[in-house]
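*Asks:* Just so it is clear, I am handing over input-v7.cif, which has mmCIF, C-alpha atoms, pLDDT in the B column; chains and numbers go by the auth columns.
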data_input
#
loop_
_atom_site.group_PDB
_atom_site.id
_atom_site.type_symbol
_atom_site.label_atom_id
_atom_site.label_comp_id
_atom_site.label_asym_id
_atom_site.label_seq_id
_atom_site.Cartn_x
_atom_site.Cartn_y
_atom_site.Cartn_z
_atom_site.B_iso_or_equiv
_atom_site.auth_seq_id
_atom_site.auth_asym_id
ATOM 1 C CA MET A 1 183.620 -160.714 -112.072 62.00 1 A
ATOM 2 C CA GLY A 2 183.029 -161.452 -108.419 68.00 2 A
ATOM 3 C CA ASP A 3 184.689 -160.472 -105.165 69.00 3 A
ATOM 4 C CA GLY A 4 188.284 -161.621 -104.924 76.00 4 A
ATOM 5 C CA GLN A 5 188.790 -162.288 -108.634 83.00 5 A
ATOM 6 C CA ARG A 6 191.865 -160.828 -110.311 82.00 6 A
ATOM 7 C CA ALA A 7 192.364 -159.391 -113.767 77.00 7 A
ATOM 8 C CA ASP A 8 195.081 -157.696 -115.797 79.00 8 A
ATOM 9 C CA SER A 9 194.399 -154.401 -117.527 77.00 9 A
ATOM 10 C CA ARG A 10 196.269 -152.406 -120.129 79.00 10 A
ATOM 11 C CA ASN A 11 196.723 -148.725 -119.444 73.00 11 A
ATOM 12 C CA HIS A 12 198.040 -145.772 -121.408 71.00 12 A
ATOM 13 C CA LYS A 13 198.800 -142.126 -120.682 69.00 13 A
ATOM 14 C CA ASP A 14 201.072 -139.588 -122.334 76.00 14 A
ATOM 15 C CA GLY A 15 202.428 -142.137 -124.818 81.00 15 A
ATOM 16 C CA ARG A 16 203.329 -144.642 -122.108 77.00 16 A
ATOM 17 C CA HIS A 17 201.731 -148.110 -121.891 80.00 17 A
ATOM 18 C CA TRP A 18 201.723 -150.511 -118.948 77.00 18 A
ATOM 19 C CA THR A 19 199.835 -153.474 -117.487 83.00 19 A
ATOM 20 C CA THR A 20 198.436 -153.685 -113.972 81.00 20 A
ATOM 21 C CA ARG A 21 196.966 -156.559 -111.954 85.00 21 A
ATOM 22 C CA SER A 22 193.857 -155.725 -109.945 89.00 22 A
ATOM 23 C CA GLN A 23 191.558 -157.506 -107.522 91.00 23 A
ATOM 24 C CA VAL A 24 187.797 -157.072 -107.267 92.00 24 A
ATOM 25 C CA VAL A 25 186.819 -155.960 -103.764 94.00 25 A
ATOM 26 C CA ARG A 26 183.111 -155.355 -104.368 93.00 26 A
ATOM 27 C CA ALA A 27 180.731 -156.754 -106.971 91.00 27 A
ATOM 28 C CA ASP A 28 177.048 -156.049 -106.364 92.00 28 A
ATOM 29 C CA PRO A 29 175.325 -156.482 -109.774 89.00 29 A
ATOM 30 C CA GLY A 30 173.320 -153.409 -110.693 85.00 30 A
ATOM 31 C CA ALA A 31 174.535 -151.501 -107.624 92.00 31 A
ATOM 32 C CA ALA A 32 178.308 -151.288 -107.213 93.00 32 A
ATOM 33 C CA PHE A 33 181.663 -152.512 -108.477 92.00 33 A
ATOM 34 C CA ALA A 34 185.148 -151.800 -107.106 93.00 34 A
ATOM 35 C CA PHE A 35 188.666 -153.072 -107.659 92.00 35 A
ATOM 36 C CA VAL A 36 192.082 -152.340 -106.192 93.00 36 A
ATOM 37 C CA VAL A 37 195.084 -151.956 -108.477 88.00 37 A
ATOM 38 C CA GLY A 38 197.795 -154.137 -107.007 87.00 38 A
ATOM 39 C CA GLY A 39 195.382 -156.263 -104.969 87.00 39 A
ATOM 40 C CA ALA A 40 193.417 -155.834 -101.764 86.00 40 A
ATOM 41 C CA GLU A 41 196.397 -156.510 -99.478 88.00 41 A
ATOM 42 C CA ASP A 42 198.947 -154.106 -100.966 87.00 42 A
ATOM 43 C CA GLY A 43 196.982 -151.965 -103.387 91.00 43 A
ATOM 44 C CA ILE A 44 197.870 -148.589 -104.811 88.00 44 A
ATOM 45 C CA VAL A 45 194.523 -147.219 -106.018 89.00 45 A
ATOM 46 C CA GLN A 46 190.917 -148.265 -105.494 92.00 46 A
ATOM 47 C CA TRP A 47 188.445 -147.572 -108.299 90.00 47 A
ATOM 48 C CA SER A 48 184.706 -147.700 -107.525 92.00 48 A
ATOM 49 C CA TRP A 49 181.461 -147.286 -109.410 91.00 49 A
ATOM 50 C CA THR A 50 178.016 -147.081 -107.835 93.00 50 A
ATOM 51 C CA CYS A 51 174.688 -147.112 -109.693 91.00 51 A
ATOM 52 C CA HIS A 52 171.549 -145.278 -108.588 92.00 52 A
ATOM 53 C CA PRO A 53 168.222 -145.545 -110.457 92.00 53 A
ATOM 54 C CA ARG A 54 166.885 -142.184 -111.596 93.00 54 A
ATOM 55 C CA GLY A 55 163.709 -141.957 -113.613 94.00 55 A
ATOM 56 C CA ARG A 56 163.989 -144.295 -116.599 90.00 56 A
ATOM 57 C CA GLY A 57 167.788 -144.380 -116.356 87.00 57 A
ATOM 58 C CA THR A 58 170.676 -144.845 -113.987 87.00 58 A
ATOM 59 C CA VAL A 59 173.179 -142.424 -112.520 89.00 59 A
ATOM 60 C CA VAL A 60 176.671 -143.911 -112.304 88.00 60 A
ATOM 61 C CA GLU A 61 179.192 -142.390 -109.916 89.00 61 A
ATOM 62 C CA GLN A 62 182.894 -143.078 -110.331 87.00 62 A
ATOM 63 C CA SER A 63 185.496 -142.528 -107.634 88.00 63 A
ATOM 64 C CA TRP A 64 189.116 -143.400 -106.974 87.00 64 A
ATOM 65 C CA GLN A 65 191.200 -143.339 -103.839 89.00 65 A
ATOM 66 C CA LEU A 66 194.974 -143.312 -103.599 87.00 66 A
ATOM 67 C CA LEU A 67 195.780 -145.985 -100.990 90.00 67 A
ATOM 68 C CA ARG A 68 199.542 -145.498 -100.808 86.00 68 A
ATOM 69 C CA LEU A 69 202.248 -143.543 -102.556 83.00 69 A
ATOM 70 C CA ASP A 70 203.946 -145.139 -105.523 78.00 70 A
ATOM 71 C CA PRO A 71 206.652 -143.547 -107.695 75.00 71 A
ATOM 72 C CA VAL A 72 204.708 -144.491 -110.838 74.00 72 A
ATOM 73 C CA LEU A 73 201.899 -142.139 -109.799 76.00 73 A
ATOM 74 C CA GLY A 74 204.093 -139.370 -108.444 76.00 74 A
ATOM 75 C CA SER A 75 206.194 -138.594 -105.430 79.00 75 A
ATOM 76 C CA THR A 76 205.902 -134.826 -105.080 85.00 76 A
ATOM 77 C CA ARG A 77 202.902 -132.715 -104.143 86.00 77 A
ATOM 78 C CA GLY A 78 202.918 -131.200 -107.646 88.00 78 A
ATOM 79 C CA GLU A 79 202.909 -134.625 -109.323 83.00 79 A
ATOM 80 C CA LEU A 80 200.061 -135.827 -107.086 83.00 80 A
ATOM 81 C CA ASP A 81 198.061 -132.655 -107.787 85.00 81 A
ATOM 82 C CA ALA A 82 198.590 -133.229 -111.531 84.00 82 A
ATOM 83 C CA LEU A 83 197.407 -136.838 -111.107 80.00 83 A
ATOM 84 C CA SER A 84 194.279 -135.660 -109.296 83.00 84 A
ATOM 85 C CA ASP A 85 193.551 -133.126 -112.057 85.00 85 A
ATOM 86 C CA TYR A 86 194.061 -135.811 -114.724 82.00 86 A
ATOM 87 C CA MET A 87 191.717 -138.227 -112.956 79.00 87 A
ATOM 88 C CA ALA A 88 189.030 -135.549 -112.632 81.00 88 A
ATOM 89 C CA SER A 89 189.321 -134.656 -116.316 82.00 89 A
ATOM 90 C CA SER A 90 189.162 -138.298 -117.465 81.00 90 A
ATOM 91 C CA VAL A 91 185.941 -139.223 -115.620 80.00 91 A
ATOM 92 C CA GLU A 92 183.652 -138.246 -118.504 82.00 92 A
ATOM 93 C CA THR A 93 185.633 -140.329 -121.009 83.00 93 A
ATOM 94 C CA THR A 94 185.554 -143.358 -118.713 80.00 94 A
ATOM 95 C CA LEU A 95 181.825 -143.089 -118.036 80.00 95 A
ATOM 96 C CA LEU A 96 181.006 -142.592 -121.727 84.00 96 A
ATOM 97 C CA SER A 97 183.039 -145.713 -122.552 82.00 97 A
ATOM 98 C CA LEU A 98 181.140 -147.606 -119.855 77.00 98 A
ATOM 99 C CA ALA A 99 177.800 -146.430 -121.270 79.00 99 A
ATOM 100 C CA ARG A 100 178.790 -147.569 -124.796 84.00 100 A
ATOM 101 C CA TRP A 101 179.909 -150.956 -123.468 79.00 101 A
ATOM 102 C CA ILE A 102 176.594 -151.430 -121.641 75.00 102 A
ATOM 103 C CA ALA A 103 174.567 -150.347 -124.675 80.00 103 A
ATOM 104 C CA GLU A 104 176.412 -152.814 -126.912 85.00 104 A
ATOM 105 C CA ALA A 105 176.353 -155.746 -124.482 76.00 105 A
ATOM 106 C CA PRO A 106 174.055 -158.580 -125.468 74.00 106 A
ATOM 107 C CA THR A 107 171.001 -158.963 -123.242 68.00 107 A
ATOM 108 C CA VAL A 108 170.612 -162.170 -121.315 59.00 108 A
#
Would you kindly transcribe this structure into structure tokens?

*Replies:*
Amino acid sequence: MGDGQRADSRNHKDGRHWTTRSQVVRADPGAAFAFVVGGAEDGIVQWSWTCHPRGRGTVVEQSWQLLRLDPVLGSTRGELDALSDYMASSVETTLLSLARWIAEAPTV
């Protein structure tokens, strides 16, 4: 996907399921990828991944930034702290899924 493209994604947490529409805001093959949930103009959260060569492999860093408050994510300090804790605890799962997807992708 390239800059500006949009995609829908299915999400799940605590038995709830929902769909979001996101827009790619950065796509540098082999270096970085970022998208904004809700779109670049009125987004809620920006997700980013950057890749750095290290030895024979690559270090991938994942980050997210809350761009504006939204009741779906929480409206109290306690709810936002819980969201931050959840995001921090889910990083390993996300990165392991990314590594599996890359390993299984056909080579061009």

*Asks:* Using Å and a single decimal, report how far CA of Glu79 in chain A sits from CA of Phe33 in chain A.

*Replies:* 27.8 Å

*Asks:* Would you pick out the contacts of Gly4 in chain A at 10 Å or less, using all atoms listed in the file, so that residues sharing its chain but fewer than 6 positions from it are not included, and give the list as JSON, numbers by chain?

*Replies:* {"A": [22, 23, 24, 25, 26, 27, 35, 39, 40]}

*Asks:* Compile the contact shell of Met87 in chain A as a list of chain:residue names: residues with an atom at most 12 Å away, counting all atoms listed in the file, same-chain residues fewer than 2 positions apart removed.

*Replies:*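 Skipping anything fewer than 2 positions along the chain leaves A:Lys13, A:Val45, A:Trp47, A:Gln62, A:Ser63, A:Trp64, A:Gln65, A:Leu66, A:Leu73, A:Leu80, A:Asp81, A:Ala82, A:Leu83, A:Ser84, A:Asp85, A:Ser89, A:Ser90, A:Val91, A:Glu92, A:Thr93, A:Thr94.
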
*Asks:* By how many Å are CA of Thr19 in chain A and CA of Val72 in chain A apart?

*Replies:*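 Here the two named atoms are 12.2 Å from each other.
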
*Asks:* Measuring atom to atom with only C-alpha atoms, identify which of A:Pro29, A:Glu61, A:Val37, A:Glu104 is nearest to Asn11 in chain A.

*Replies:*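 For Asn11 in chain A, the nearest of the candidates is A:Val37.
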
*Asks:* To one decimal in Å, tell me the separation between CA of Arg54 in chain A and CA of Arg100 in chain A.

*Replies:*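 Taking CA of Arg54 in chain A and CA of Arg100 in chain A, their separation equals 18.6 Å.
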
*Asks:* Using only C-alpha atoms, which residues sit within 8 Å of Val60 in chain A once same-chain residues fewer than 6 positions away are excluded, as a tab-separated table (two decimals) with C-alpha atoms, in the frame of the given file?

*Replies:*
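Saved the output as out-v9.tsv:
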chain	number	residue	atom	x	y	z
A	49	TRP	CA	181.46	-147.29	-109.41
A	50	THR	CA	178.02	-147.08	-107.84
A	51	CYS	CA	174.69	-147.11	-109.69
A	52	HIS	CA	171.55	-145.28	-108.59
A	95	LEU	CA	181.82	-143.09	-118.04

*Asks:* At a cut-off of 12 Å around the point (165.5, -150.0, -119.6) (file coordinates), what residues fall inside when counting all atoms listed in the file? I'd like the answer as a ChimeraX atom specification.

*Replies:* /A:53-58,102-103,107
